[in-house]
Amino acid sequence: VGITSVRFLAGEVQQKICSRAFAGCTSLADITLPVGLTVINSDAFLGCSALDAVRIDDLLAWCRINFGNPYAKEYQEIKCQNIYYQLLS
C-alpha cells in the first residue's frame with residue numbers, strides 16, 4: 001500500500017488503533033499519534049517495514065497507552081520508567 005505518512009487532524013480525538021489497521025503498509029514511514037489515544041491493538045503496524053518514526057505530543061500519554069501485544073507493553077514499561085525518572089530528576 002502506498003501510504004507513507006499518517007497524521008490526524010488537529011483536535012481530532014482517536015482513542016483506539018484497531019488490530020491490523022495499517023498492516024501491510026510497507027511504505028508507511030512515519031505516524032503522528034492522535035491526542036487521546038489509549039489503545040493500540042496487536043498487529044496494528046504488522047509488516048510496516050519502513051516505519052521509523054512514531055510521534056506523540058505527550059510522552060506521559062504514551063506511557064498510558066494499552067498495547068495489545070504483551071512484548072510491546074514490556075518495552076513500553078521500561079521506556080516509561082526512564083521517562084518518569086528523567087522528569088523527576
# chains A, B, ... in the order shown; residues from 1 in each chain; ligands from 1
>>> select_by_dssp(residues="stretch 21-64 of chain A", states="alpha helix (DSSP H)", output="number ranges by chain")
A: 59-64
>>> write_last_selection(atoms="all heavy atoms", output="mmCIF file, in the first residue's frame")
data_model
loop_
_atom_site.group_PDB
_atom_site.id
_atom_site.type_symbol
_atom_site.label_atom_id
_atom_site.label_comp_id
_atom_site.auth_asym_id
_atom_site.auth_seq_id
_atom_site.Cartn_x
_atom_site.Cartn_y
_atom_site.Cartn_z
ATOM 1 N N LEU A 59 4.490 12.705 26.028
ATOM 2 C CA LEU A 59 5.208 11.476 26.361
ATOM 3 C C LEU A 59 4.533 10.695 27.482
ATOM 4 O O LEU A 59 4.545 9.467 27.485
ATOM 5 C CB LEU A 59 6.658 11.780 26.741
ATOM 6 C CG LEU A 59 7.565 12.133 25.579
ATOM 7 C CD1 LEU A 59 8.955 12.492 26.089
ATOM 8 C CD2 LEU A 59 7.662 10.985 24.594
ATOM 9 N N LEU A 60 3.945 11.390 28.431
ATOM 10 C CA LEU A 60 3.254 10.676 29.508
ATOM 11 C C LEU A 60 2.012 9.966 28.977
ATOM 12 O O LEU A 60 1.655 8.895 29.464
ATOM 13 C CB LEU A 60 2.900 11.626 30.641
ATOM 14 C CG LEU A 60 4.122 12.182 31.392
ATOM 15 C CD1 LEU A 60 3.682 13.138 32.481
ATOM 16 C CD2 LEU A 60 4.962 11.065 31.971
ATOM 17 N N ALA A 61 1.380 10.520 27.959
ATOM 18 C CA ALA A 61 0.240 9.845 27.323
ATOM 19 C C ALA A 61 0.703 8.534 26.699
ATOM 20 O O ALA A 61 -0.021 7.529 26.735
ATOM 21 C CB ALA A 61 -0.404 10.748 26.282
ATOM 22 N N TRP A 62 1.897 8.519 26.131
ATOM 23 C CA TRP A 62 2.475 7.295 25.556
ATOM 24 C C TRP A 62 2.551 6.206 26.621
ATOM 25 O O TRP A 62 2.268 5.053 26.369
ATOM 26 C CB TRP A 62 3.859 7.591 24.986
ATOM 27 C CG TRP A 62 4.616 6.387 24.562
ATOM 28 C CD1 TRP A 62 5.605 5.764 25.253
ATOM 29 C CD2 TRP A 62 4.463 5.644 23.347
ATOM 30 N NE1 TRP A 62 6.072 4.684 24.545
ATOM 31 C CE2 TRP A 62 5.387 4.594 23.378
ATOM 32 C CE3 TRP A 62 3.618 5.780 22.244
ATOM 33 C CZ2 TRP A 62 5.494 3.677 22.341
ATOM 34 C CZ3 TRP A 62 3.734 4.858 21.210
ATOM 35 C CH2 TRP A 62 4.667 3.829 21.266
ATOM 36 N N CYS A 63 2.907 6.593 27.815
ATOM 37 C CA CYS A 63 3.044 5.627 28.903
ATOM 38 C C CYS A 63 1.708 5.048 29.340
ATOM 39 O O CYS A 63 1.665 3.987 29.959
ATOM 40 C CB CYS A 63 3.741 6.284 30.090
ATOM 41 S SG CYS A 63 5.444 6.750 29.729
ATOM 42 N N ARG A 64 0.624 5.710 29.021
ATOM 43 C CA ARG A 64 -0.703 5.235 29.415
ATOM 44 C C ARG A 64 -1.396 4.421 28.316
ATOM 45 O O ARG A 64 -2.481 3.886 28.539
ATOM 46 C CB ARG A 64 -1.572 6.420 29.822
ATOM 47 C CG ARG A 64 -1.101 7.084 31.112
ATOM 48 C CD ARG A 64 -2.070 8.139 31.599
ATOM 49 N NE ARG A 64 -2.139 9.291 30.726
ATOM 50 C CZ ARG A 64 -1.387 10.382 30.824
ATOM 51 N NH1 ARG A 64 -0.485 10.464 31.773
ATOM 52 N NH2 ARG A 64 -1.519 11.390 29.993
#
>>> residues_around(residues="A:Gln14", least_positions_apart="3", cutoff="8 Å", atoms="only C-alpha atoms", output="NGL selection string")
:A and (17 or 34-37)
>>> closest_residue(among="A:Ala21, A:Leu33, A:Ala10, A:Ile65", to="A:Phe45", atoms="only C-alpha atoms")
A:Ala21
>>> atom_distance(atom1="atom CA of A:Asn41", atom2="atom CA of A:Thr4")
20.5 Å
>>> residues_around(residues="stretch 66-69 of chain A", least_positions_apart="4", cutoff="10 Å", atoms="only C-alpha atoms", output="list in words")
Lys16, Ile17, Cys18, Ser19, Leu37, Thr38, Val39, Ile40, Asn41, Ser42, Asp43, Ala44, Trp62, Lys73, Glu74 and Gln76 of chain A
>>> write_last_selection(atoms="C-alpha atoms", output="PDB file, in the first residue's frame")
ATOM      1  CA  LYS A  16      -8.046   3.318  19.542  1.00  0.00           C
ATOM      2  CA  ILE A  17      -5.994   1.970  16.646  1.00  0.00           C
ATOM      3  CA  CYS A  18      -7.516  -1.397  15.751  1.00  0.00           C
ATOM      4  CA  SER A  19      -5.696  -4.641  15.056  1.00  0.00           C
ATOM      5  CA  LEU A  37      -5.104   7.594  22.119  1.00  0.00           C
ATOM      6  CA  THR A  38      -5.468   4.915  24.787  1.00  0.00           C
ATOM      7  CA  VAL A  39      -5.239   1.608  22.881  1.00  0.00           C
ATOM      8  CA  ILE A  40      -3.049   0.224  20.100  1.00  0.00           C
ATOM      9  CA  ASN A  41      -4.208  -3.298  19.356  1.00  0.00           C
ATOM     10  CA  SER A  42      -1.848  -6.092  18.383  1.00  0.00           C
ATOM     11  CA  ASP A  43      -0.505  -6.169  14.840  1.00  0.00           C
ATOM     12  CA  ALA A  44      -1.742  -2.624  14.145  1.00  0.00           C
ATOM     13  CA  TRP A  62       2.475   7.295  25.556  1.00  0.00           C
ATOM     14  CA  LYS A  73       3.937  -3.482  26.691  1.00  0.00           C
ATOM     15  CA  GLU A  74       7.116  -4.751  28.391  1.00  0.00           C
ATOM     16  CA  GLN A  76       6.942   0.446  26.834  1.00  0.00           C
TER      17      GLN A  76
END
>>> atom_distance(atom1="atom CA of A:Gln15", atom2="atom CA of A:Asp57")
14.6 Å
>>> atom_distance(atom1="atom CA of A:Cys25", atom2="atom CA of A:Asp52")
12.8 Å
>>> residues_around(residues="A:Leu46", least_positions_apart="2", cutoff="8 Å", atoms="only C-alpha atoms", output="list in words")
Arg20, Phe22, Ala23, Gly24, Asp43, Ala44 and Cys48 of chain A
>>> select_by_dssp(residues="stretch 2-86 of chain A", states="strand (DSSP E)", output="PyMOL selection string")
chain A and resi 5-7+16-17+30-32+39-40+53-55+66-67
>>> write_last_selection(atoms="C-alpha atoms", output="PDB file, in the first residue's frame")
ATOM      1  CA  SER A   5       2.740   9.174   6.401  1.00  0.00           C
ATOM      2  CA  VAL A   6      -0.256   9.375   8.731  1.00  0.00           C
ATOM      3  CA  ARG A   7      -1.272  12.466  10.677  1.00  0.00           C
ATOM      4  CA  LYS A  16      -8.046   3.318  19.542  1.00  0.00           C
ATOM      5  CA  ILE A  17      -5.994   1.970  16.646  1.00  0.00           C
ATOM      6  CA  ASP A  30       6.024   7.870   9.972  1.00  0.00           C
ATOM      7  CA  ILE A  31       2.887   8.364  12.006  1.00  0.00           C
ATOM      8  CA  THR A  32       1.845  11.081  14.411  1.00  0.00           C
ATOM      9  CA  VAL A  39      -5.239   1.608  22.881  1.00  0.00           C
ATOM     10  CA  ILE A  40      -3.049   0.224  20.100  1.00  0.00           C
ATOM     11  CA  ALA A  53       9.204   7.486  13.265  1.00  0.00           C
ATOM     12  CA  VAL A  54       6.307   7.452  15.698  1.00  0.00           C
ATOM     13  CA  ARG A  55       5.417  10.853  17.089  1.00  0.00           C
ATOM     14  CA  ASN A  66      -2.618  -0.009  26.363  1.00  0.00           C
ATOM     15  CA  PHE A  67      -0.842  -2.205  23.811  1.00  0.00           C
TER      16      PHE A  67
END
>>> decode(residues="stretch 44-72 of chain A", atoms="N, CA and C atoms", output="PDB file, in the first residue's frame")
ATOM      1  N   ALA A  44      -1.250  -3.840  14.793  1.00  0.00           N
ATOM      2  CA  ALA A  44      -1.742  -2.624  14.145  1.00  0.00           C
ATOM      3  C   ALA A  44      -0.788  -2.164  13.051  1.00  0.00           C
ATOM      4  N   PHE A  45       0.502  -2.419  13.236  1.00  0.00           N
ATOM      5  CA  PHE A  45       1.514  -1.989  12.272  1.00  0.00           C
ATOM      6  C   PHE A  45       2.293  -3.172  11.705  1.00  0.00           C
ATOM      7  N   LEU A  46       1.675  -4.330  11.674  1.00  0.00           N
ATOM      8  CA  LEU A  46       2.310  -5.543  11.157  1.00  0.00           C
ATOM      9  C   LEU A  46       2.760  -5.346   9.718  1.00  0.00           C
ATOM     10  N   GLY A  47       4.024  -5.616   9.450  1.00  0.00           N
ATOM     11  CA  GLY A  47       4.543  -5.514   8.094  1.00  0.00           C
ATOM     12  C   GLY A  47       4.902  -4.100   7.663  1.00  0.00           C
ATOM     13  N   CYS A  48       4.858  -3.154   8.568  1.00  0.00           N
ATOM     14  CA  CYS A  48       5.233  -1.765   8.237  1.00  0.00           C
ATOM     15  C   CYS A  48       6.751  -1.633   8.341  1.00  0.00           C
ATOM     16  N   SER A  49       7.423  -2.248   7.407  1.00  0.00           N
ATOM     17  CA  SER A  49       8.885  -2.365   7.468  1.00  0.00           C
ATOM     18  C   SER A  49       9.610  -1.039   7.304  1.00  0.00           C
ATOM     19  N   ALA A  50       8.982  -0.022   6.745  1.00  0.00           N
ATOM     20  CA  ALA A  50       9.634   1.283   6.571  1.00  0.00           C
ATOM     21  C   ALA A  50       9.378   2.222   7.751  1.00  0.00           C
ATOM     22  N   LEU A  51       8.541   1.808   8.700  1.00  0.00           N
ATOM     23  CA  LEU A  51       8.177   2.683   9.815  1.00  0.00           C
ATOM     24  C   LEU A  51       9.388   2.956  10.698  1.00  0.00           C
ATOM     25  N   ASP A  52       9.811   4.211  10.719  1.00  0.00           N
ATOM     26  CA  ASP A  52      10.968   4.561  11.549  1.00  0.00           C
ATOM     27  C   ASP A  52      10.722   5.781  12.434  1.00  0.00           C
ATOM     28  N   ALA A  53       9.515   6.351  12.405  1.00  0.00           N
ATOM     29  CA  ALA A  53       9.204   7.486  13.265  1.00  0.00           C
ATOM     30  C   ALA A  53       7.768   7.401  13.752  1.00  0.00           C
ATOM     31  N   VAL A  54       7.619   7.401  15.068  1.00  0.00           N
ATOM     32  CA  VAL A  54       6.307   7.452  15.698  1.00  0.00           C
ATOM     33  C   VAL A  54       6.330   8.670  16.601  1.00  0.00           C
ATOM     34  N   ARG A  55       5.424   9.594  16.341  1.00  0.00           N
ATOM     35  CA  ARG A  55       5.417  10.853  17.089  1.00  0.00           C
ATOM     36  C   ARG A  55       4.163  10.941  17.950  1.00  0.00           C
ATOM     37  N   ILE A  56       4.333  11.552  19.125  1.00  0.00           N
ATOM     38  CA  ILE A  56       3.215  11.819  20.026  1.00  0.00           C
ATOM     39  C   ILE A  56       3.561  13.096  20.779  1.00  0.00           C
ATOM     40  N   ASP A  57       2.569  13.952  20.962  1.00  0.00           N
ATOM     41  CA  ASP A  57       2.814  15.246  21.609  1.00  0.00           C
ATOM     42  C   ASP A  57       3.060  15.138  23.107  1.00  0.00           C
ATOM     43  N   ASP A  58       2.537  14.109  23.737  1.00  0.00           N
ATOM     44  CA  ASP A  58       2.593  13.986  25.194  1.00  0.00           C
ATOM     45  C   ASP A  58       3.257  12.657  25.552  1.00  0.00           C
ATOM     46  N   LEU A  59       4.490  12.705  26.028  1.00  0.00           N
ATOM     47  CA  LEU A  59       5.208  11.476  26.361  1.00  0.00           C
ATOM     48  C   LEU A  59       4.533  10.695  27.482  1.00  0.00           C
ATOM     49  N   LEU A  60       3.945  11.390  28.431  1.00  0.00           N
ATOM     50  CA  LEU A  60       3.254  10.676  29.508  1.00  0.00           C
ATOM     51  C   LEU A  60       2.012   9.966  28.977  1.00  0.00           C
ATOM     52  N   ALA A  61       1.380  10.520  27.959  1.00  0.00           N
ATOM     53  CA  ALA A  61       0.240   9.845  27.323  1.00  0.00           C
ATOM     54  C   ALA A  61       0.703   8.534  26.699  1.00  0.00           C
ATOM     55  N   TRP A  62       1.897   8.519  26.131  1.00  0.00           N
ATOM     56  CA  TRP A  62       2.475   7.295  25.556  1.00  0.00           C
ATOM     57  C   TRP A  62       2.551   6.206  26.621  1.00  0.00           C
ATOM     58  N   CYS A  63       2.907   6.593  27.815  1.00  0.00           N
ATOM     59  CA  CYS A  63       3.044   5.627  28.903  1.00  0.00           C
ATOM     60  C   CYS A  63       1.708   5.048  29.340  1.00  0.00           C
ATOM     61  N   ARG A  64       0.624   5.710  29.021  1.00  0.00           N
ATOM     62  CA  ARG A  64      -0.703   5.235  29.415  1.00  0.00           C
ATOM     63  C   ARG A  64      -1.396   4.421  28.316  1.00  0.00           C
ATOM     64  N   ILE A  65      -0.800   4.327  27.145  1.00  0.00           N
ATOM     65  CA  ILE A  65      -1.423   3.566  26.056  1.00  0.00           C
ATOM     66  C   ILE A  65      -1.392   2.076  26.387  1.00  0.00           C
ATOM     67  N   ASN A  66      -2.510   1.424  26.168  1.00  0.00           N
ATOM     68  CA  ASN A  66      -2.618  -0.009  26.363  1.00  0.00           C
ATOM     69  C   ASN A  66      -2.311  -0.704  25.043  1.00  0.00           C
ATOM     70  N   PHE A  67      -1.238  -1.490  25.018  1.00  0.00           N
ATOM     71  CA  PHE A  67      -0.842  -2.205  23.811  1.00  0.00           C
ATOM     72  C   PHE A  67      -1.415  -3.611  23.845  1.00  0.00           C
ATOM     73  N   GLY A  68      -1.924  -4.051  22.707  1.00  0.00           N
ATOM     74  CA  GLY A  68      -2.471  -5.397  22.604  1.00  0.00           C
ATOM     75  C   GLY A  68      -1.404  -6.470  22.592  1.00  0.00           C
ATOM     76  N   ASN A  69      -0.171  -6.104  22.293  1.00  0.00           N
ATOM     77  CA  ASN A  69       0.935  -7.050  22.227  1.00  0.00           C
ATOM     78  C   ASN A  69       1.699  -7.005  23.541  1.00  0.00           C
ATOM     79  N   PRO A  70       1.763  -8.123  24.291  1.00  0.00           N
ATOM     80  CA  PRO A  70       2.435  -8.097  25.595  1.00  0.00           C
ATOM     81  C   PRO A  70       3.918  -7.757  25.502  1.00  0.00           C
ATOM     82  N   TYR A  71       4.585  -8.092  24.396  1.00  0.00           N
ATOM     83  CA  TYR A  71       6.003  -7.763  24.247  1.00  0.00           C
ATOM     84  C   TYR A  71       6.195  -6.261  24.094  1.00  0.00           C
ATOM     85  N   ALA A  72       5.296  -5.620  23.380  1.00  0.00           N
ATOM     86  CA  ALA A  72       5.355  -4.160  23.231  1.00  0.00           C
ATOM     87  C   ALA A  72       5.132  -3.500  24.582  1.00  0.00           C
TER      88      ALA A  72
END
